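Right, one structure below, let's go through it.
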Amino acid sequence: MAEAKLMFNDGFLDRAQKMSGLKTVESFAGAIGVSESVLNNARKTNVATTAMLIGLYKAFGFQPGEVCKVRPAAIANTSKVETEVAA
């Protein structure tokens with residue numbers, strides 16, 4: 001069986017923070033129960049952790065299907081690189 005990763009939908013974390021009304025990374029990270037470094041790493045890699053999914057549900061009611069998709073690891077690893085190169 002091929003490896004897979006939970007990947008945040010493109011732009012989800014930025015949209016969620018904006019919708020929450022929380023202005024700082026520190027306050028948004030605190031609301032979802034993770035450190036700023038965990039949140040910043042998730043923004044860079046797009047990898048969703050179970051702790052973040054649970055925090056997003058508890059804080060804002062997001063269901064996993066609204067937040068992320070399961071993607072094969074090979075695709076997950078290249079999609080973020082392609083996005084960064086395109087930007």
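Labels for the structure tokens follow display order: chains A, B, ..., residues from 1 in each chain, ligands from 1.
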**OP:** With a distance cut-off of 10 Å and only C-alpha atoms, select the neighbouring residues of region 14-31 of chain A, excluding the residue or stretch itself and same-chain residues fewer than 3 positions from it, and output the selection as a PyMOL selection string.
**Re:** chain A and resi 10-11+34-40+43+52+55-56+58-60+62+67
Write the residues of the preceding selection, restricted to C-alpha atoms, as an mmCIF file, in the first residue's frame.
data_model
loop_
_atom_site.group_PDB
_atom_site.id
_atom_site.type_symbol
_atom_site.label_atom_id
_atom_site.label_comp_id
_atom_site.auth_asym_id
_atom_site.auth_seq_id
_atom_site.Cartn_x
_atom_site.Cartn_y
_atom_site.Cartn_z
ATOM 1 C CA ASP A 10 -4.938 25.003 -0.539
ATOM 2 C CA GLY A 11 -5.178 28.257 1.399
ATOM 3 C CA VAL A 34 -1.040 24.110 18.808
ATOM 4 C CA SER A 35 2.168 26.113 19.041
ATOM 5 C CA GLU A 36 3.048 28.863 16.594
ATOM 6 C CA SER A 37 5.863 26.709 15.208
ATOM 7 C CA VAL A 38 3.464 23.821 14.510
ATOM 8 C CA LEU A 39 1.070 26.203 12.741
ATOM 9 C CA ASN A 40 3.860 27.840 10.724
ATOM 10 C CA ARG A 43 1.453 26.513 6.497
ATOM 11 C CA MET A 52 -4.721 20.392 14.278
ATOM 12 C CA GLY A 55 -8.331 21.755 17.365
ATOM 13 C CA LEU A 56 -10.023 23.183 14.274
ATOM 14 C CA LYS A 58 -13.231 22.142 18.742
ATOM 15 C CA ALA A 59 -12.575 25.830 18.073
ATOM 16 C CA PHE A 60 -14.603 26.406 14.912
ATOM 17 C CA PHE A 62 -14.704 22.343 10.950
ATOM 18 C CA VAL A 67 -10.189 21.041 5.992
#
Original post:
Where does DSSP see alpha helix (DSSP H) in chain A, if you list the residues as a PyMOL selection string?
Top reply: chain A and resi 12-20+25-32+36-45+50-60+64-67+73-86
Subject >> Secondary structure check, strand (DSSP E) residues of chain A, as a VMD selection string >> reply: chain A and resid 4 to 8 68 to 72
Just to be explicit: take each residue in the selection above, keep N, CA and C atoms, and write the result as a compact mmCIF listing (two decimals), in the first residue's frame.
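The resulting selection_34.txt:
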# COMPACT_ATOMS: atom_id res chain seq x y z
N ALA A 4 0.44 7.70 2.34
CA ALA A 4 -0.46 8.83 2.09
C ALA A 4 -0.30 9.84 3.22
N LYS A 5 -0.67 11.08 2.93
CA LYS A 5 -0.61 12.15 3.93
C LYS A 5 -1.92 12.92 3.93
N LEU A 6 -2.26 13.44 5.10
CA LEU A 6 -3.38 14.38 5.20
C LEU A 6 -2.85 15.75 4.84
N MET A 7 -3.41 16.34 3.80
CA MET A 7 -2.94 17.64 3.33
C MET A 7 -4.07 18.66 3.43
N PHE A 8 -3.76 19.82 4.02
CA PHE A 8 -4.75 20.89 4.07
C PHE A 8 -5.14 21.31 2.66
N CYS A 68 -9.19 19.16 4.83
CA CYS A 68 -8.07 18.49 4.17
C CYS A 68 -8.53 17.33 3.30
N LYS A 69 -7.57 16.78 2.59
CA LYS A 69 -7.77 15.60 1.76
C LYS A 69 -6.63 14.64 2.02
N VAL A 70 -6.87 13.36 1.80
CA VAL A 70 -5.80 12.37 1.87
C VAL A 70 -5.18 12.30 0.49
N ARG A 71 -3.87 12.47 0.43
CA ARG A 71 -3.17 12.44 -0.85
C ARG A 71 -2.00 11.48 -0.77
N PRO A 72 -1.71 10.79 -1.88
CA PRO A 72 -0.52 9.93 -1.89
C PRO A 72 0.71 10.76 -1.55
Original post:
By how many Å are CA of Glu3 (chain A) and CA of Lys44 (chain A) apart?
Top reply: 20.2 Å
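In this structure, CA of Asn41 (chain A) sits 20.8 Å away from CA of Gly65 (chain A).
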Original post:
Nearest to Gly33 (chain A) among A:Thr50, A:Thr45, A:Asn9, A:Gln63, with distances taken over only C-alpha atoms: which residue is it?
Top reply: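 The shortest atom-to-atom distance to Gly33 (chain A) comes from A:Thr50.
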